[in-house]
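**Student:** Structure in structure tokens, see below.
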Amino acid sequence: MSLMYEKPSSIVPTVDFDADGLQHGFLRLPYSRDDSAWGNLMIPICVAKNGHSPTVLLTGANHGDEYEGPLAILELARTLDWRTINGRIIMLPFMNYPAFRAGRRTSPIDGGNLNRLFPGAADGTVTQKIADYIQRYLLPMSDLVLDIHAGGSTLDFLPFAASHVLPDKTQEARCEEAAAAFNAPYTAKMLEIDAAGLFDTAAEEAGKTFVSTELRGGGTSSAASTRMARKGVRNVLIHAGILEGDMEIEPSLNLDMPSMDCFTFADTDGMLEMCVDLGETVRAGDKLARLWPMDRTGAAPVEYFAKLDGMLIGRHFPGVAKTGDSLAVLGAVEEGLPPGRFRPPVGAP
């Protein structure tokens with residue numbers, strides 16, 4: 001075991017994870033700075049418990065400019081009657097709290113992108129300490145993790161819930177069923193550009209049932225995307241057996257991301273002209289986007305073409321793109337997977 005994991009976390013919870021009832025509190029992270037020598041970051045957390053299992057961990061604002069997760073979790077924390085649940089719900093609406101307060105993807109304190117820093121470090125930066133606490137304390141308590149994302153300020157997506165291809169096919173099936181239960185308008189088998197350091201990877205490697213989402217983007221939320229998040233949270237809690245009732249199920253189109261050919265990246269700077277809108281289908285070779293030069297007239301734009309058949313499920317949101325930016329994401333349409341009941345991991349309490 002590494003020295004990193006032998007060190008206790010400096011984060012102190014003000015809630016008792018083992019007590020029945022509804023508790024609103026904080027994860028108190030010491031943070032000494034110029035304006036507060038013995039100061040702390042107070043990261044809001046809510047725990048609802050009635051009985052022992054299962055445990056669902058609900059997280060939002062893994063990136064600070066994504067708002068559907070916080071809105072859904074705050075509403076649940078305010079309205080939930082803990083006596084009506086079976087098990088435990090841990091609600092962390094603002095995972096990267098400094099980033100959320102700044103309205104940024106990354107922390108203004110240390111520049112940390114929380115969703116690239118797992119498993120974190122107990123003696124690291126502020127963001128690494130947050131990742132370490134989630135990795136070593138919250139994940140081991142949890143059976144199912146729902147991490148609610150959107151595209152933030154620089155991306156826009158069709159609204160989908162997602163799972164990943166995993167080595168353990170039983171675990172993969174559990175994740176698929178939970179993603180289908182969320183019941184976004186689209187349900188994706190998601191391919192990551194780089195899975196290293198992701199919260200997704202940390203949870204999946206710990207054997208957890210993990211669901212992520214992308215519920216639109218643009219650095220804001222809409223009435224529709226917020227409704228999707230709230231419905232999805234309730235559905236997943238029913239699916240897990242924590243809430244009683246019937247899931248609210250509407251048609252959902254399943255998508256696959258079979259290869260890195262799903263992604264199109266800019267190889268120059270330019271003003272973005274999308275040639276296809278979200279939800280439209282393309283054939284390999286169809287034009288997806290053009291980047292226009294911004295320093296002269298009379299010059300031709302650089303054109304980008306689909307490398308496979310599919311549907312446009314994600315796009316660059318700002319009107320100007322830089323070299324290396326993700327311009328377009330395609331998904332292949334698959335047959336649907338009906339929602340199933342949550343199967344806890346073997347040996348789960």
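Quick note on naming: the chains in the structure tokens go A, B, ... in the order shown, residues restart at 1 in each chain, and ligands are numbered from 1 in order of appearance.
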DSSP says strand (DSSP E or B) for which residues of range 9-251 of chain A? Put them as an mmCIF file with C-alpha atoms, in the first residue's frame?

**Tutor:**
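As a result, selection_24.cif now contains:
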```
data_model
loop_
_atom_site.group_PDB
_atom_site.id
_atom_site.type_symbol
_atom_site.label_atom_id
_atom_site.label_comp_id
_atom_site.auth_asym_id
_atom_site.auth_seq_id
_atom_site.Cartn_x
_atom_site.Cartn_y
_atom_site.Cartn_z
ATOM 1 C CA VAL A 12 -13.808 16.093 8.535
ATOM 2 C CA PRO A 13 -17.507 15.332 7.910
ATOM 3 C CA GLY A 21 -32.517 10.295 9.678
ATOM 4 C CA LEU A 22 -31.873 13.251 7.377
ATOM 5 C CA GLN A 23 -28.722 15.280 8.013
ATOM 6 C CA HIS A 24 -27.528 18.451 6.306
ATOM 7 C CA GLY A 25 -23.889 19.247 6.910
ATOM 8 C CA PHE A 26 -20.470 19.742 5.403
ATOM 9 C CA LEU A 27 -17.206 18.130 4.504
ATOM 10 C CA ARG A 28 -14.830 20.519 6.280
ATOM 11 C CA LEU A 29 -11.514 20.820 4.438
ATOM 12 C CA PRO A 30 -8.826 22.933 6.144
ATOM 13 C CA ARG A 33 -4.931 31.274 2.835
ATOM 14 C CA SER A 36 -8.229 33.187 6.503
ATOM 15 C CA ASN A 40 -11.756 25.860 5.885
ATOM 16 C CA LEU A 41 -13.678 24.987 2.763
ATOM 17 C CA MET A 42 -17.189 23.904 3.780
ATOM 18 C CA ILE A 43 -18.443 21.496 1.103
ATOM 19 C CA PRO A 44 -22.211 20.865 1.474
ATOM 20 C CA ILE A 45 -23.346 17.271 1.957
ATOM 21 C CA CYS A 46 -26.640 15.614 2.863
ATOM 22 C CA VAL A 47 -27.187 12.071 4.125
ATOM 23 C CA ALA A 48 -30.560 10.319 4.306
ATOM 24 C CA LYS A 49 -30.622 6.913 5.964
ATOM 25 C CA ASN A 50 -33.259 4.407 6.987
ATOM 26 C CA THR A 55 -26.317 2.975 -0.530
ATOM 27 C CA VAL A 56 -26.559 5.321 -3.509
ATOM 28 C CA LEU A 57 -24.051 8.164 -3.905
ATOM 29 C CA LEU A 58 -25.456 11.117 -5.874
ATOM 30 C CA THR A 59 -22.919 13.660 -7.128
ATOM 31 C CA GLY A 87 -31.206 2.233 2.683
ATOM 32 C CA ARG A 88 -28.979 5.291 2.448
ATOM 33 C CA ILE A 89 -28.544 8.196 0.039
ATOM 34 C CA ILE A 90 -25.357 10.270 0.195
ATOM 35 C CA MET A 91 -25.876 13.571 -1.635
ATOM 36 C CA LEU A 92 -22.858 15.628 -2.690
ATOM 37 C CA LEU A 144 -24.414 2.578 -6.864
ATOM 38 C CA VAL A 145 -23.000 5.941 -7.973
ATOM 39 C CA LEU A 146 -24.869 8.461 -10.129
ATOM 40 C CA ASP A 147 -22.569 11.280 -11.286
ATOM 41 C CA LEU A 155 -19.717 21.574 -25.032
ATOM 42 C CA ASP A 156 -23.353 20.812 -25.828
ATOM 43 C CA PHE A 157 -24.787 17.288 -25.957
ATOM 44 C CA PHE A 160 -28.011 11.001 -22.413
ATOM 45 C CA ALA A 161 -27.236 8.693 -19.517
ATOM 46 C CA ALA A 162 -24.157 6.543 -20.007
ATOM 47 C CA SER A 163 -22.289 3.441 -18.949
ATOM 48 C CA TYR A 186 -30.795 8.883 -25.108
ATOM 49 C CA THR A 187 -28.835 6.088 -23.400
ATOM 50 C CA ALA A 188 -25.197 5.673 -24.453
ATOM 51 C CA LYS A 189 -22.405 3.139 -24.182
ATOM 52 C CA THR A 209 -22.492 0.245 -10.357
ATOM 53 C CA PHE A 210 -21.759 3.592 -12.025
ATOM 54 C CA VAL A 211 -23.890 5.863 -14.202
ATOM 55 C CA SER A 212 -22.837 9.154 -15.739
ATOM 56 C CA THR A 213 -24.835 11.629 -17.792
ATOM 57 C CA GLU A 214 -24.422 14.442 -20.266
#
```

**Student:** With a distance cut-off of 10 Å and only C-alpha atoms, select the neighbouring residues of Ala99 in chain A, excluding the residue or stretch itself and same-chain residues fewer than 6 positions from it, and output the selection as a PyMOL selection string.

**Tutor:** chain A and resi 61-65+105-114+127

**Student:** If we count only C-alpha atoms and set the cut-off at 8 Å, which residues sit around Thr264 in chain A, ignoring sequence neighbours fewer than 2 positions away in its own chain? Please answer as a PyMOL selection string.

**Tutor:** chain A and resi 261-262+266+304+306+326-329

**Student:** Counting only C-alpha atoms, figure out which residue out of A:Leu117, A:Val165, A:Val236, A:Ile148 gets nearest to Gly197 in chain A.

**Tutor:**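 Residue with the minimum atom-to-atom distance to Gly197 in chain A: A:Leu117.
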
**Student:** Env of range 242-257 of chain A: 9 Å cut, atoms = only C-alpha atoms, seq-sep filter 5 positions within chain, self excluded. Answer as a CSV table (one decimal) with C-alpha atoms, in the first residue's frame.

**Tutor:**
```
chain,number,residue,atom,x,y,z
A,53,SER,CA,-28.5,-1.1,2.4
A,54,PRO,CA,-28.2,-0.3,-0.4
A,55,THR,CA,-26.3,3.0,-0.5
A,56,VAL,CA,-26.6,5.3,-3.5
A,84,THR,CA,-40.0,6.6,3.1
A,85,ILE,CA,-36.6,5.2,2.0
A,86,ASN,CA,-35.0,1.8,2.4
A,87,GLY,CA,-31.2,2.2,2.7
A,88,ARG,CA,-29.0,5.3,2.4
A,89,ILE,CA,-28.5,8.2,0.0
A,160,PHE,CA,-28.0,11.0,-22.4
A,180,ALA,CA,-31.4,2.7,-18.8
A,181,ALA,CA,-33.4,3.3,-15.6
A,182,PHE,CA,-32.3,6.9,-15.5
A,183,ASN,CA,-34.3,7.1,-18.8
A,184,ALA,CA,-32.8,10.2,-20.4
A,185,PRO,CA,-34.0,10.7,-24.0
A,186,TYR,CA,-30.8,8.9,-25.1
A,187,THR,CA,-28.8,6.1,-23.4
A,188,ALA,CA,-25.2,5.7,-24.5
A,189,LYS,CA,-22.4,3.1,-24.2
A,190,MET,CA,-19.8,5.9,-23.8
A,191,LEU,CA,-16.2,5.8,-25.0
A,231,LYS,CA,-36.7,12.4,-13.0
A,232,GLY,CA,-33.5,10.4,-13.6
A,234,ARG,CA,-35.9,9.4,-8.8
A,235,ASN,CA,-35.9,6.6,-11.3
A,236,VAL,CA,-32.4,5.4,-10.2
A,237,LEU,CA,-33.4,5.4,-6.6
A,262,CYS,CA,-16.6,9.1,-33.1
A,311,MET,CA,-25.8,10.8,-35.1
A,330,LEU,CA,-20.9,10.9,-33.2
A,331,GLY,CA,-22.9,8.0,-31.8
A,332,ALA,CA,-24.2,4.9,-33.6
A,333,VAL,CA,-27.9,4.1,-33.0
A,334,GLU,CA,-28.4,0.7,-31.2
A,335,GLU,CA,-31.4,-1.3,-30.2
A,336,GLY,CA,-32.9,-0.4,-26.8
A,337,LEU,CA,-32.2,-2.0,-23.4
A,339,PRO,CA,-34.6,-0.9,-17.6
```

**Student:** Can you list, as number ranges by chain, every residue of range 115-330 of chain A that DSSP puts in helix (DSSP H, G or I)?

**Tutor:** A: 115-116, 126-141, 169-182, 199-205, 223-239, 260-262

**Student:** Could those selected residues go to a file with C-alpha atoms, as a compact mmCIF listing (two decimals), in the first residue's frame?

**Tutor:**
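The resulting file, out34.txt, is shown below:
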```
# COMPACT_ATOMS: atom_id res chain seq x y z
CA ASN A 115 -12.58 14.43 -12.81
CA ARG A 116 -8.97 13.86 -13.88
CA VAL A 126 -7.16 21.04 -2.41
CA THR A 127 -8.68 19.24 -5.40
CA GLN A 128 -6.53 16.14 -4.84
CA LYS A 129 -7.69 16.05 -1.21
CA ILE A 130 -11.33 16.14 -2.31
CA ALA A 131 -10.71 13.27 -4.74
CA ASP A 132 -8.90 11.29 -2.05
CA TYR A 133 -11.77 11.64 0.41
CA ILE A 134 -14.34 10.53 -2.14
CA GLN A 135 -12.10 7.64 -3.22
CA ARG A 136 -11.28 6.31 0.26
CA TYR A 137 -14.37 7.20 2.29
CA LEU A 138 -17.47 7.74 0.14
CA LEU A 139 -16.93 5.13 -2.59
CA PRO A 140 -16.43 2.22 -0.16
CA MET A 141 -19.80 3.06 1.45
CA LYS A 169 -19.55 -8.24 -17.86
CA THR A 170 -21.83 -8.75 -14.84
CA GLN A 171 -20.83 -5.33 -13.55
CA GLU A 172 -21.20 -3.88 -17.05
CA ALA A 173 -24.76 -5.24 -17.23
CA ARG A 174 -25.61 -3.65 -13.87
CA CYS A 175 -24.32 -0.30 -15.11
CA GLU A 176 -26.29 -0.62 -18.36
CA GLU A 177 -29.49 -1.35 -16.45
CA ALA A 178 -28.99 1.60 -14.12
CA ALA A 179 -28.26 3.95 -17.06
CA ALA A 180 -31.41 2.72 -18.79
CA ALA A 181 -33.38 3.27 -15.58
CA PHE A 182 -32.26 6.93 -15.52
CA PHE A 199 -14.30 9.40 -11.11
CA ASP A 200 -15.99 6.90 -13.44
CA THR A 201 -12.84 4.78 -13.56
CA ALA A 202 -12.31 4.97 -9.79
CA ALA A 203 -15.87 3.80 -9.10
CA GLU A 204 -15.82 1.07 -11.74
CA GLU A 205 -12.45 -0.28 -10.60
CA ALA A 223 -36.22 23.68 -17.61
CA ALA A 224 -36.14 20.51 -19.72
CA SER A 225 -32.65 19.39 -18.67
CA THR A 226 -33.44 20.02 -15.00
CA ARG A 227 -36.63 17.95 -15.28
CA MET A 228 -34.60 15.15 -16.88
CA ALA A 229 -32.11 15.18 -14.02
CA ARG A 230 -34.79 15.12 -11.33
CA LYS A 231 -36.74 12.35 -13.04
CA GLY A 232 -33.55 10.37 -13.57
CA VAL A 233 -32.51 10.64 -9.92
CA ARG A 234 -35.91 9.39 -8.77
CA ASN A 235 -35.87 6.55 -11.31
CA VAL A 236 -32.41 5.40 -10.24
CA LEU A 237 -33.39 5.45 -6.57
CA ILE A 238 -36.46 3.32 -7.36
CA HIS A 239 -34.32 1.04 -9.53
CA MET A 260 -12.25 6.90 -31.54
CA ASP A 261 -13.61 7.70 -35.00
CA CYS A 262 -16.60 9.08 -33.09
```

**Student:** CA of Phe118 in chain A and CA of Asn96 in chain A are how many Å apart?

**Tutor:** 12.5 Å
